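Text of final06.txt, listed as compact mmCIF, C-alpha atoms:
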# COMPACT_ATOMS: atom_id res chain seq x y z
CA MET A 30 80.53 -45.99 -61.61
CA SER A 31 81.54 -42.45 -60.65
CA THR A 32 84.38 -40.98 -58.65
CA PHE A 33 83.56 -39.34 -55.35
CA ARG A 34 85.86 -37.21 -53.22
CA VAL A 35 85.39 -38.14 -49.57
CA SER A 36 86.85 -36.07 -46.73
CA VAL A 37 87.48 -37.65 -43.35
CA HIS A 38 88.39 -36.02 -40.03
CA ILE A 39 90.14 -38.22 -37.48
CA VAL A 40 90.71 -36.80 -34.01
CA PRO A 41 91.86 -38.12 -30.63
CA ARG A 42 88.83 -39.27 -28.66
CA GLN A 43 87.46 -36.88 -26.02
CA GLY A 44 88.89 -37.78 -22.65
CA ILE A 45 92.14 -39.16 -24.05
CA LEU A 46 95.09 -36.90 -23.34
CA ASP A 47 96.07 -35.03 -26.50
CA PRO A 48 99.30 -33.23 -25.59
CA GLN A 49 99.58 -31.72 -29.07
CA GLY A 50 96.08 -30.25 -28.82
CA LYS A 51 96.90 -28.93 -25.36
CA ALA A 52 100.09 -27.27 -26.64
CA VAL A 53 98.11 -25.61 -29.44
CA ALA A 54 95.43 -24.41 -27.01
CA ASP A 55 98.12 -23.00 -24.71
CA ALA A 56 99.72 -21.16 -27.63
CA LEU A 57 96.36 -19.71 -28.68
CA HIS A 58 95.77 -18.53 -25.10
CA THR A 59 99.17 -16.84 -25.17
CA LEU A 60 98.13 -15.04 -28.38
CA GLY A 61 95.07 -13.73 -26.56
CA PHE A 62 92.47 -16.17 -27.85
CA GLY A 63 91.19 -16.82 -24.34
CA GLY A 64 87.96 -18.22 -25.72
CA VAL A 65 89.60 -21.47 -26.81
CA ALA A 66 88.24 -24.04 -24.35
CA ASP A 67 89.81 -27.09 -25.98
CA ALA A 68 91.84 -28.06 -29.04
CA ARG A 69 92.51 -31.47 -30.47
CA VAL A 70 94.91 -32.18 -33.30
CA GLY A 71 94.14 -35.01 -35.69
CA ARG A 72 94.36 -35.94 -39.36
CA HIS A 73 92.39 -34.94 -42.43
CA LEU A 74 92.24 -37.41 -45.31
CA VAL A 75 90.91 -36.83 -48.80
CA LEU A 76 90.06 -40.01 -50.70
CA ASP A 77 88.92 -40.33 -54.31
CA VAL A 78 86.70 -43.39 -54.39
CA ASN A 79 85.08 -45.11 -57.35
CA ALA A 80 81.56 -46.19 -56.42
CA ALA A 81 78.08 -46.48 -57.88
CA THR A 82 76.56 -43.86 -55.59
CA ALA A 83 77.65 -41.28 -53.02
CA ALA A 84 76.10 -43.43 -50.31
CA ALA A 85 78.15 -46.43 -51.42
CA ALA A 86 81.33 -44.32 -51.40
CA GLU A 87 80.57 -43.09 -47.90
CA SER A 88 79.80 -46.55 -46.62
CA SER A 89 83.05 -47.88 -48.06
CA VAL A 90 85.08 -45.08 -46.43
CA ARG A 91 83.33 -45.74 -43.13
CA GLU A 92 84.59 -49.31 -43.25
CA MET A 93 88.11 -48.09 -44.15
CA CYS A 94 88.04 -45.88 -41.05
CA GLU A 95 86.91 -48.72 -38.83
CA ARG A 96 89.52 -51.13 -40.16
CA LEU A 97 92.57 -48.95 -40.76
CA LEU A 98 92.36 -45.18 -40.97
CA ALA A 99 91.29 -44.56 -37.36
CA ASN A 100 92.47 -46.49 -34.32
CA PRO A 101 89.28 -47.70 -32.62
CA VAL A 102 91.04 -47.62 -29.22
CA THR A 103 91.91 -43.94 -29.22
CA GLU A 104 90.39 -42.04 -32.15
CA ASP A 105 87.02 -40.88 -33.46
CA PHE A 106 86.34 -40.22 -37.10
CA GLU A 107 83.81 -38.17 -38.97
CA ILE A 108 83.08 -38.26 -42.68
CA ALA A 109 83.00 -34.57 -43.40
CA ALA A 110 81.98 -34.42 -47.06
CA VAL A 111 81.17 -36.60 -50.05
CA ARG A 112 80.98 -34.95 -53.46
CA ALA A 113 81.55 -35.83 -57.08
CA ALA A 114 85.27 -35.59 -57.80
CA MET L 8 116.36 -72.43 -29.70
CA LYS L 9 115.76 -70.49 -32.90
CA PHE L 10 114.74 -66.84 -32.86
CA GLY L 11 113.24 -65.30 -36.01
CA ILE L 12 113.66 -61.53 -36.22
CA VAL L 13 111.33 -59.79 -38.66
CA THR L 14 112.91 -57.01 -40.69
CA PHE L 15 110.38 -54.43 -41.89
CA PRO L 16 111.34 -51.49 -44.09
CA GLY L 17 112.42 -49.00 -41.43
CA SER L 18 113.32 -51.50 -38.71
CA ASN L 19 116.53 -50.48 -36.95
CA GLY L 20 116.58 -52.75 -33.90
CA ASP L 21 116.78 -56.03 -35.81
CA TYR L 22 120.57 -56.13 -35.66
CA ASP L 23 120.56 -55.40 -31.91
CA ALA L 24 118.22 -58.33 -31.37
CA PHE L 25 120.36 -60.56 -33.59
CA ARG L 26 123.52 -59.70 -31.66
CA ALA L 27 121.83 -60.22 -28.29
CA ILE L 28 120.69 -63.70 -29.29
CA ALA L 29 123.65 -64.89 -31.34
CA ASP L 30 126.53 -63.34 -29.36
CA ARG L 31 125.26 -63.00 -25.80
CA LEU L 32 122.61 -65.71 -25.46
CA GLY L 33 124.46 -68.14 -27.71
CA GLU L 34 121.36 -69.29 -29.57
CA THR L 35 120.37 -69.28 -33.24
CA ALA L 36 118.99 -66.10 -34.79
CA VAL L 37 117.70 -65.57 -38.33
CA TYR L 38 116.37 -62.50 -40.07
CA LEU L 39 112.93 -62.89 -41.63
CA TRP L 40 112.17 -60.46 -44.45
CA HIS L 41 108.74 -58.91 -44.06
CA LYS L 42 107.62 -60.08 -47.49
CA ALA L 43 108.38 -63.72 -46.71
CA HIS L 44 105.70 -66.23 -45.83
CA ASP L 45 107.96 -68.59 -43.89
CA LEU L 46 109.07 -68.36 -40.26
CA GLU L 47 111.87 -70.84 -41.10
CA GLY L 48 111.04 -73.00 -38.11
CA SER L 49 111.62 -70.23 -35.58
CA ASP L 50 110.54 -71.01 -32.00
CA VAL L 51 110.33 -67.35 -30.98
CA ILE L 52 109.40 -64.41 -33.19
CA ILE L 53 110.79 -60.95 -32.52
CA LEU L 54 109.20 -57.78 -33.88
CA PRO L 55 112.10 -55.33 -33.52
CA GLY L 56 112.33 -51.65 -32.79
CA GLY L 57 112.52 -48.99 -35.45
CA PHE L 58 110.20 -46.90 -37.57
CA SER L 59 108.55 -49.40 -39.87
CA TYR L 60 107.03 -47.69 -42.91
CA GLY L 61 108.14 -44.34 -41.51
CA ASP L 62 105.43 -44.53 -38.83
CA TYR L 63 103.01 -43.43 -41.59
CA LEU L 64 99.38 -43.05 -40.46
CA ARG L 65 100.19 -44.34 -36.95
CA ALA L 66 103.23 -46.15 -35.59
CA GLY L 67 102.86 -49.83 -36.55
CA ALA L 68 99.65 -49.32 -38.52
CA ILE L 69 101.06 -50.30 -41.92
CA ALA L 70 103.52 -52.98 -40.79
CA ARG L 71 100.70 -55.21 -39.71
CA PHE L 72 99.82 -55.66 -43.39
CA SER L 73 103.25 -57.04 -44.24
CA PRO L 74 102.85 -60.54 -45.68
CA ILE L 75 104.78 -62.25 -42.89
CA MET L 76 102.40 -60.88 -40.24
CA GLN L 77 99.85 -63.54 -41.25
CA GLU L 78 102.34 -66.23 -40.27
CA VAL L 79 103.29 -64.33 -37.11
CA ALA L 80 99.63 -64.11 -36.08
CA GLU L 81 99.18 -67.82 -36.78
CA HIS L 82 102.32 -68.61 -34.72
CA ALA L 83 100.84 -66.56 -31.86
CA ARG L 84 97.47 -68.34 -32.15
CA ARG L 85 99.25 -71.67 -31.78
CA GLY L 86 100.79 -70.39 -28.54
CA GLY L 87 104.21 -69.59 -30.02
CA PRO L 88 106.16 -66.85 -28.22
CA VAL L 89 106.22 -63.40 -29.85
CA ILE L 90 108.10 -60.40 -28.46
CA GLY L 91 107.55 -56.85 -29.66
CA PHE L 92 110.22 -54.36 -28.64
CA CYS L 93 109.28 -50.68 -29.00
CA ASN L 94 108.01 -50.38 -32.61
CA GLY L 95 107.30 -54.12 -32.38
CA PHE L 96 105.00 -53.42 -29.41
CA GLN L 97 103.20 -50.80 -31.51
CA ILE L 98 102.87 -53.28 -34.38
CA ALA L 99 101.55 -56.01 -32.05
CA CYS L 100 98.87 -53.61 -30.74
CA GLU L 101 97.87 -52.53 -34.24
CA ALA L 102 97.71 -56.19 -35.31
CA GLY L 103 95.39 -57.00 -32.41
CA LEU L 104 97.91 -59.36 -30.78
CA LEU L 105 97.88 -57.10 -27.70
CA PRO L 106 95.24 -54.67 -26.39
CA GLY L 107 95.61 -50.90 -26.22
CA ALA L 108 97.57 -48.40 -28.26
CA LEU L 109 100.79 -46.39 -28.01
CA LEU L 110 100.32 -42.67 -28.49
CA ARG L 111 102.62 -39.67 -28.75
CA ASN L 112 104.64 -39.16 -25.57
CA ALA L 113 102.85 -36.80 -23.19
CA SER L 114 105.91 -34.50 -23.31
CA LEU L 115 105.67 -34.40 -27.15
CA LYS L 116 109.40 -35.08 -27.10
CA PHE L 117 111.29 -38.11 -28.33
CA VAL L 118 112.80 -39.77 -25.26
CA GLY L 119 116.19 -41.45 -25.52
CA ASP L 120 117.38 -42.43 -22.07
CA THR L 121 118.08 -45.29 -19.70
CA VAL L 122 115.17 -45.79 -17.32
CA THR L 123 114.30 -47.97 -14.36
CA VAL L 124 111.70 -50.64 -15.01
CA ARG L 125 110.11 -52.76 -12.27
CA VAL L 126 109.31 -56.43 -12.91
CA GLU L 127 105.65 -56.81 -11.98
CA GLN L 128 105.25 -60.47 -12.95
CA SER L 129 108.03 -63.02 -12.76
CA ASP L 130 105.90 -66.03 -13.62
CA THR L 131 105.66 -65.39 -17.37
CA MET L 132 107.69 -67.28 -19.97
CA PHE L 133 109.58 -64.03 -20.59
CA THR L 134 110.41 -63.07 -17.00
CA ASN L 135 110.91 -66.25 -14.97
CA ARG L 136 114.61 -65.47 -14.52
CA TYR L 137 113.78 -62.20 -12.78
CA ALA L 138 112.67 -61.75 -9.18
CA PRO L 139 109.29 -60.13 -8.46
CA GLY L 140 109.82 -56.40 -7.99
CA GLN L 141 113.34 -56.54 -9.43
CA LEU L 142 114.49 -53.21 -10.82
CA LEU L 143 116.06 -53.22 -14.28
CA ARG L 144 117.99 -50.47 -16.05
CA LEU L 145 116.86 -50.49 -19.67
CA PRO L 146 117.23 -48.06 -22.57
CA VAL L 147 114.19 -46.39 -24.10
CA ALA L 148 114.15 -44.61 -27.47
CA HIS L 149 110.71 -43.62 -28.71
CA GLY L 150 108.39 -40.78 -29.60
CA ASP L 151 105.15 -42.75 -29.36
CA GLY L 152 105.29 -44.80 -26.18
CA ARG L 153 102.34 -43.64 -24.11
CA PHE L 154 100.39 -46.81 -23.41
CA THR L 155 96.68 -46.06 -23.56
CA ALA L 156 93.61 -48.23 -23.12
CA ASP L 157 90.14 -47.81 -21.66
CA ASP L 158 89.61 -48.38 -17.94
CA ASP L 159 87.98 -51.79 -18.41
CA THR L 160 90.97 -53.02 -20.40
CA LEU L 161 93.44 -51.61 -17.85
CA ASP L 162 91.53 -53.23 -14.97
CA ARG L 163 91.45 -56.55 -16.79
CA LEU L 164 95.19 -56.42 -17.51
CA GLU L 165 95.89 -55.79 -13.82
CA ARG L 166 93.43 -58.42 -12.59
CA GLU L 167 94.83 -61.08 -14.90
CA GLY L 168 98.43 -60.29 -13.96
CA ARG L 169 99.28 -59.16 -17.48
CA VAL L 170 101.09 -55.93 -16.60
CA VAL L 171 104.62 -57.30 -16.71
CA PHE L 172 106.76 -54.16 -16.51
CA ARG L 173 106.18 -50.70 -15.04
CA TYR L 174 108.33 -47.57 -15.07
CA ALA L 175 109.64 -46.87 -11.56
CA ASP L 176 112.09 -44.57 -9.81
CA ALA L 177 115.47 -45.72 -8.51
CA ALA L 178 113.84 -46.90 -5.27
CA GLY L 179 111.19 -48.87 -7.12
CA ALA L 180 108.34 -46.44 -6.47
CA ILE L 181 105.82 -45.79 -9.26
CA THR L 182 105.75 -42.02 -9.75
CA ASP L 183 104.75 -39.64 -12.52
CA ALA L 184 108.30 -38.28 -12.59
CA ALA L 185 109.66 -41.75 -13.39
CA ASN L 186 107.18 -42.29 -16.23
CA PRO L 187 109.05 -41.24 -19.39
CA ASN L 188 106.06 -40.99 -21.72
CA GLY L 189 102.87 -40.59 -19.68
CA SER L 190 101.77 -44.22 -20.05
CA MET L 191 98.56 -45.00 -18.20
CA ARG L 192 99.33 -46.62 -14.82
CA SER L 193 103.03 -46.38 -15.75
CA ILE L 194 102.71 -49.49 -17.90
CA ALA L 195 105.90 -50.33 -19.80
CA GLY L 196 105.04 -53.86 -20.95
CA ILE L 197 102.13 -56.31 -21.10
CA VAL L 198 101.42 -59.87 -22.18
CA SER L 199 98.49 -61.32 -24.11
CA ALA L 200 95.68 -63.24 -22.39
CA GLU L 201 97.41 -66.54 -23.20
CA GLY L 202 100.73 -65.15 -21.98
CA ASN L 203 102.70 -65.90 -25.15
CA VAL L 204 102.87 -62.41 -26.69
CA LEU L 205 104.93 -59.77 -24.88
CA GLY L 206 105.11 -56.12 -25.86
CA LEU L 207 107.28 -53.52 -24.16
CA MET L 208 108.61 -50.08 -25.03
CA PRO L 209 112.05 -50.44 -23.37
CA HIS L 210 114.86 -52.28 -25.13
CA PRO L 211 116.17 -55.33 -23.22
CA GLU L 212 117.88 -56.41 -26.45
CA ARG L 213 120.07 -53.30 -26.14
CA ALA L 214 120.93 -54.12 -22.52
CA VAL L 215 122.75 -57.42 -22.76
CA ASP L 216 126.29 -56.26 -22.13
CA PRO L 217 127.34 -54.31 -18.99
CA LEU L 218 130.28 -52.95 -20.96
CA VAL L 219 128.09 -50.78 -23.19
CA SER L 220 124.89 -50.24 -21.21
CA SER L 221 123.49 -52.66 -18.66
CA GLY L 222 123.22 -56.42 -18.69
CA ASP L 223 119.71 -56.42 -17.25
CA GLY L 224 117.96 -57.40 -20.46
CA LEU L 225 119.70 -60.73 -20.98
CA ALA L 226 117.57 -62.60 -18.43
CA LEU L 227 114.49 -61.94 -20.56
CA PHE L 228 115.97 -64.10 -23.30
CA GLN L 229 117.29 -66.64 -20.79
CA SER L 230 113.78 -66.95 -19.36
CA LEU L 231 112.58 -68.38 -22.66
CA LEU L 232 115.36 -70.99 -22.59
CA ALA L 233 114.59 -71.92 -19.00
CA ARG L 234 111.00 -72.62 -19.98
CA VAL L 235 111.98 -75.00 -22.74
CA SER L 236 114.58 -76.93 -20.75
CA ALA L 237 112.24 -77.19 -17.73
Before anything else, please render the file you have as C-alpha cells.
Amino acid sequence: MSTFRVSVHIVPRQGILDPQGKAVADALHTLGFGGVADARVGRHLVLDVNAATAAAAESSVREMCERLLANPVTEDFEIAAVRAA
Amino acid sequence: MKFGIVTFPGSNGDYDAFRAIADRLGETAVYLWHKAHDLEGSDVIILPGGFSYGDYLRAGAIARFSPIMQEVAEHARRGGPVIGFCNGFQIACEAGLLPGALLRNASLKFVGDTVTVRVEQSDTMFTNRYAPGQLLRLPVAHGDGRFTADDDTLDRLEREGRVVFRYADAAGAITDAANPNGSMRSIAGIVSAEGNVLGLMPHPERAVDPLVSSGDGLALFQSLLARVSA
C-alpha cells in the first residue's frame, strides 16, 4: 500500500451559465487580455489516497467524483495528476 | 398533525418553521437533530433554510450524509410529505429526492428580498388551498438559488405538472426582471414525481403573519391539513 497524491479539477459544465467565470473573463478583457474567449471558475482538490497502485488510486478518486465531489447535473471533473505522495 | 423539523449544523430557518407550525397553524412541531435516527412519528418532514455545514463543497452536499437523512429518504419513499425550504431544497436535490441543482445566483449577489411567486399547480398536497395562478408575496434569502437542470428534465417537469411555483412580476407575468436568481424557466419550486416532496427557494414559513411580512405562506401548511381531513 502506498500513498498517492491525486489532483482533481471540477468545473461548471460547458453550456451551463457560469456567472463567476463570465465576471472573470470580463475583468481580463478590461485589463487588455482580449484573447480570453471563455473562463470558467471551479474547484481544485488535492487528495492523498492510500492504494495499492496509482491506477487503483485514480479509479477510487473517479468514484468519489461521481458520488460526491462533482455534481453530475452541472459539473465536469478531470483527474489532473496522480503521483506518489 | 405532527411536523418534524430537521436541525442541521448551520440551519437557521428551523425556528421560523417551528413558529409557523406551532403558533400560526396550531399544530404540533418537533425539532429533529440531524444525528438522530428517529422521525418521532412525524407526519411531515421539513428541511429548513440555512447554511448547513457552511455550504462546504456545494450547498446541501454534506447535509445529505447526516444520519437522519436515511430516515427522511425512507419516509419520502413511503409517500410521506417532505418540504425543503431554501437550503432544504438544495439538500433535497443533492440527496436525489428532487431533480436538478441550485447554483450561484446569476447576479453573483446574495438576494434578500420579498418577491412575487405565481402558483402554477394548485392540485398538489402542498398547494390545494391556493388558486391556480394566485400571486404570493414571499421572502427570499439565498446566494445559490438558480435552479438548473438539463432540457429533458425541465420538459418532463413541465409536462408532468411538477413546476409548482414560478417567479413572476406584480401582474403575474413571467419575466427575466422578476427572476431574482436566474433560475431556468423562472422555476421557484418543484415537486417529486410522486408529488410528496416539495422544494422551493422562497420562504413561506417566514410569511405566516401579515404583521411582520405577508400571510401568504400559511396556506401551504393548511393545504397539508386539508388533505388529511378530506
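Of note, atom CA of Leu57 of chain A and atom CA of Leu115 of chain L are spaced 17.5 Å apart.
Each of L:Glu101, L:Asp176, L:Asp162, L:Glu127 was checked against Leu98 of chain A using all atoms listed in the file; the smallest atom-to-atom distance is that of L:Glu101.
For chain A, the residues close to chain L, meaning within 9 Å and counting only C-alpha atoms, are Ile45, Leu46, Asp47, Pro48, Gln49, Arg72, Leu97, Leu98, Ala99, Asn100, Val102 and Thr103 of chain A.
Each of A:Val70, A:Ala81, A:Val35, A:Ala54 was checked against Met93 of chain A using all atoms listed in the file; the smallest atom-to-atom distance is that of A:Val35.
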So which residues are close to (84.3, -35.1, -45.2), meaning at most 6 Å away in the file's coordinates with all atoms listed in the file counted, and can you show them as a PyMOL selection string?
chain A and resi 35-37+108-111
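Note that atom CA of Met132 of chain L and atom CA of Ala99 of chain L are 17.6 Å apart.
Shell of segment 65-68 of chain A at 7 Å, with all atoms listed in the file counted and residues fewer than 6 places along the chain excluded, is A:Gly50, A:Lys51, A:Val53, A:Ala54.
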Using only C-alpha atoms, which residue out of A:Leu74, A:Leu60, A:Val40, A:Val90 lies closest to Asp105 of chain A?
A:Val40
Name all residues at most 12 Å from Glu78 of chain L (count all atoms listed in the file; drop same-chain ones fewer than 6 positions away) and give them as a PDB file with C-alpha atoms, keeping the file's coordinate frame.
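The file below, part-v9.pdb, is the result:
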ATOM      1  CA  GLY L  11     113.240 -65.300 -36.010  1.00  0.00           C
ATOM      2  CA  VAL L  13     111.330 -59.790 -38.660  1.00  0.00           C
ATOM      3  CA  LEU L  39     112.930 -62.890 -41.630  1.00  0.00           C
ATOM      4  CA  HIS L  41     108.740 -58.910 -44.060  1.00  0.00           C
ATOM      5  CA  LYS L  42     107.620 -60.080 -47.490  1.00  0.00           C
ATOM      6  CA  ALA L  43     108.380 -63.720 -46.710  1.00  0.00           C
ATOM      7  CA  HIS L  44     105.700 -66.230 -45.830  1.00  0.00           C
ATOM      8  CA  ASP L  45     107.960 -68.590 -43.890  1.00  0.00           C
ATOM      9  CA  LEU L  46     109.070 -68.360 -40.260  1.00  0.00           C
ATOM     10  CA  GLU L  47     111.870 -70.840 -41.100  1.00  0.00           C
ATOM     11  CA  GLY L  48     111.040 -73.000 -38.110  1.00  0.00           C
ATOM     12  CA  SER L  49     111.620 -70.230 -35.580  1.00  0.00           C
ATOM     13  CA  ILE L  52     109.400 -64.410 -33.190  1.00  0.00           C
ATOM     14  CA  ARG L  71     100.700 -55.210 -39.710  1.00  0.00           C
ATOM     15  CA  PHE L  72      99.820 -55.660 -43.390  1.00  0.00           C
ATOM     16  CA  ARG L  84      97.470 -68.340 -32.150  1.00  0.00           C
ATOM     17  CA  ARG L  85      99.250 -71.670 -31.780  1.00  0.00           C
ATOM     18  CA  GLY L  87     104.210 -69.590 -30.020  1.00  0.00           C
ATOM     19  CA  VAL L  89     106.220 -63.400 -29.850  1.00  0.00           C
TER      20      VAL L  89
END
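Shortest separation to Leu76 of chain A among A:Gly61, A:Arg42, A:Glu95, A:Ser89 occurs at residue A:Ser89, atoms counted being all atoms listed in the file.
In terms of minimum interatomic distance to Ala24 of chain L, L:Leu225 ranks closest within L:Ile98, L:Leu225, L:Met76, L:Ala83, counting all atoms listed in the file.
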Residue neighbourhood segment 54-56 of chain L, 8 Å, all atoms listed in the file, exclusion window fewer than 6 positions, as a PyMOL selection string:
chain L and resi 12-14+18-21+24+89-96+98
Padding 4 Å on every side, please: axis-aligned box over the listed atoms of segment 127-134 of chain L, centre and edge lengths to one decimal in Å, as JSON.
{"center_x": 107.8, "center_y": -62.0, "center_z": -16.3, "size_x": 13.2, "size_y": 18.5, "size_z": 16.6}
